[in-house]
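Written out below as structure tokens is the structure these notes cover.
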Amino acid sequence: MPELPEVETTRRGLEPLLAGRTVTDVVVRERRLRWPVPRDLRATLRGRTITRVGRRAKYLLVDLGGGTLILHLGMSGTLRVVPKDTALVAHDHLDVVLDAGQVLRFRDPRRFGAALWTAKDPAEHPLLAELGPEPLGNAFHARHLFDRSRGRRAAVKTFVMDGHVVVGVGNIYASEALHLAGIHPRRAAGRISLERYERLAGAIRTVLGNAIDAGGTTFRDFVNELGRPGYFARSLMAYDRAGEPCLTCGEATIRQEVIGQRSSYFCPRCQR
DNA sequence: CAACGGACCTGCCTGC
DNA sequence: TGCAGGCAGGTCCGTT
């Protein structure tokens, strides 16, 4: 169940395994993902060679020269490169068979993920065109958050999880970043100062960067391209720690509340 | 516009 | 042991 660090971990793992490989076959076992898998995906991909694996927000972009396979892992998706004869398990919906006897295998029990094709610049695809800046890129900074939040009464946690504001900040890392920045997740986004957004922008970069360095966070089932978990869970300061002592102040207890229909974790003492 | 709830799914855990 | 209920890391879409 990936946020940006898990998707980036997957991308970094896949890139060297896929670049230069030619697609010899495609097997679609289940078309009913978030959007239907294109009927002609097999015919479209066969014979093409993968040049690189990119990422925009949580979308993986498999560049096949003349077009791009857009993959999204949804809540429960994993991508792995396995030998061609590897036994199938439940919810192995899609195989991209590669020349070197290996298969890029997409598994997604909940089917919130996606596999789409675009022949144009993927940045112009409707799903990507309106997205906010990358949190680890130069276009993301406190001024951006400040300007975009003026007049908005929604909780700041909801605000930073809006992909049209900034991409890649999911439910775990939103709680973590707000904790690190000392900001209460329910505070109205439009009533936060530029100075505090400086702290928040820095916290988002720090938390996401550290999580990528740790290979992502594994709670239940995230695994990388080799089927291995990430190690950031041990670094979490707030998420999933309801009732436990705050690791920052050592005095208060981490609270869990639902904000914008998502479980949120924070320290009522450190976060205001 | 912004905000909110519902929708899409399966698996896993809890409590009766 | 069985079963209902709730919850899970995403995000689009329709309605106010």
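Starting from 1 in every chain, residues are counted up; chains themselves are A, B, ... following the order of the structure tokens, and ligands are numbered from 1 as listed.
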Up to 12 Å from chain B, what residues of chain A turn up? Count only C-alpha atoms (C1' of nucleotides) and give them as a PyMOL selection string.
chain A and resi 32-35+74-77+90-91+108-113+149-155+158-159+220-221+259-261
For a quick test of understanding: name the residues of chain A lying within 12 Å of chain C when counting only C-alpha atoms (C1' of nucleotides), and present them as a count of residues only.
53
Could you find all residues in region 12-53 of chain A that DSSP calls strand (DSSP E or B) from the backbone, and write them as JSON, numbers by chain?
{"A": [22, 23, 24, 25, 26, 27, 28, 32, 36, 49, 52, 53]}
Rounded to one decimal, what separation in Å do you get between CA of Gly67 (chain A) and CA of Asp99 (chain A)?
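Going from CA of Gly67 (chain A) over to CA of Asp99 (chain A) covers 18.9 Å.
If you measure from each of A:Val37, A:Val156, A:Ile50, A:Ile212 to Gly20 (chain A) using only C-alpha atoms, the closest one turns out to be A:Ile50.
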As a PyMOL selection string, which residues of region 146-265 of chain A does DSSP assign to helix (DSSP H, G or I)?
chain A and resi 146-149+156-160+171-181+189-191+194-213+232-235
For each of A:Gly230, A:Gly101, A:Pro122, A:Gly182, take the minimum atom-to-atom distance to Gly65 (chain A), counting only C-alpha atoms, then give the residue where this is smallest.
A:Pro122
